[in-house]
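*Asks:* Have a look at this one.
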Amino acid sequence: MCDPNLNSPSLTVSREVLRDAMSRAGYPDSSIGDAELALMELVVNAWRHGMTRSPVVTVVYSGNTLRVSVADRSSELPKCQKFDPQAESGRGLQLVEGLTNRWGAESQALGKRVWFELDCVA
């Protein structure tokens with residue numbers, strides 16, 4: 001469960017940076033909305049499961065691909081899980097998988113980085 005003493009990083013700033021990068025790259029509004037939702041899922045997971053006060057959000061556009069990553073201090077790599085259809089949570093990574101072209105996670109010296117990619121269709 002999420003520690004109530006954690007400070008929320010500014011999702012507003014992260015979303016604005018993401019929206020600006022995607023707009024400049026020519027992504028349609030529907031893709032921008034999908035990316036914002038995927039970003040919020042990764043940040044919430046970093047708070048709840050990574051117990052990280054301020055996850056580090058990185059947005060990189062290279063070639064025709066946008067990569068968004070969220071780093072936290074937990075070394076446990078995420079994985080999609082089966083969930084009870086009546087459960088109120090547990091679908092976040094399935095949502096990220098459905099909204100993006102690719103997603104994954106990689107270990108770091110301190111914690112992990114969870115990322116997703118969106119390809120820009122010209």
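As shown in the structure tokens, the chain order sets the letters A, B, ...; within each chain, residues go from 1, and ligands are also counted from 1 in the order they appear.
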So which residues touch Ser31 (chain A) within 10 Å, counting only C-alpha atoms, skipping near sequence neighbours fewer than 5 positions away, as a PyMOL selection string?
*Replies:* chain A and resi 19+22-23+36-37+99-100+118-120
*Asks:* Among region 6-50 of chain A, which ones does DSSP place in helix (DSSP H, G or I), written as number ranges by chain?
*Replies:* A: 11-25, 29-48
*Asks:* So how far away is CA of Arg53 (chain A) from CA of Ala105 (chain A), in Å?
*Replies:*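 It comes out at 19.1 Å.
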*Asks:* So which one's closest to Ser74 (chain A), A:Ala109, A:Leu93, A:Met40, A:Val121? Using only C-alpha atoms, please.
*Replies:* A:Ala109
*Asks:* What's the 9 Å shell around region 112-116 of chain A, counting only C-alpha atoms, without same-chain residues fewer than 2 positions away, as an NGL selection string?
*Replies:* :A and (35 or 38-39 or 42 or 46 or 50 or 56 or 66-78 or 96-97 or 100-110 or 118)
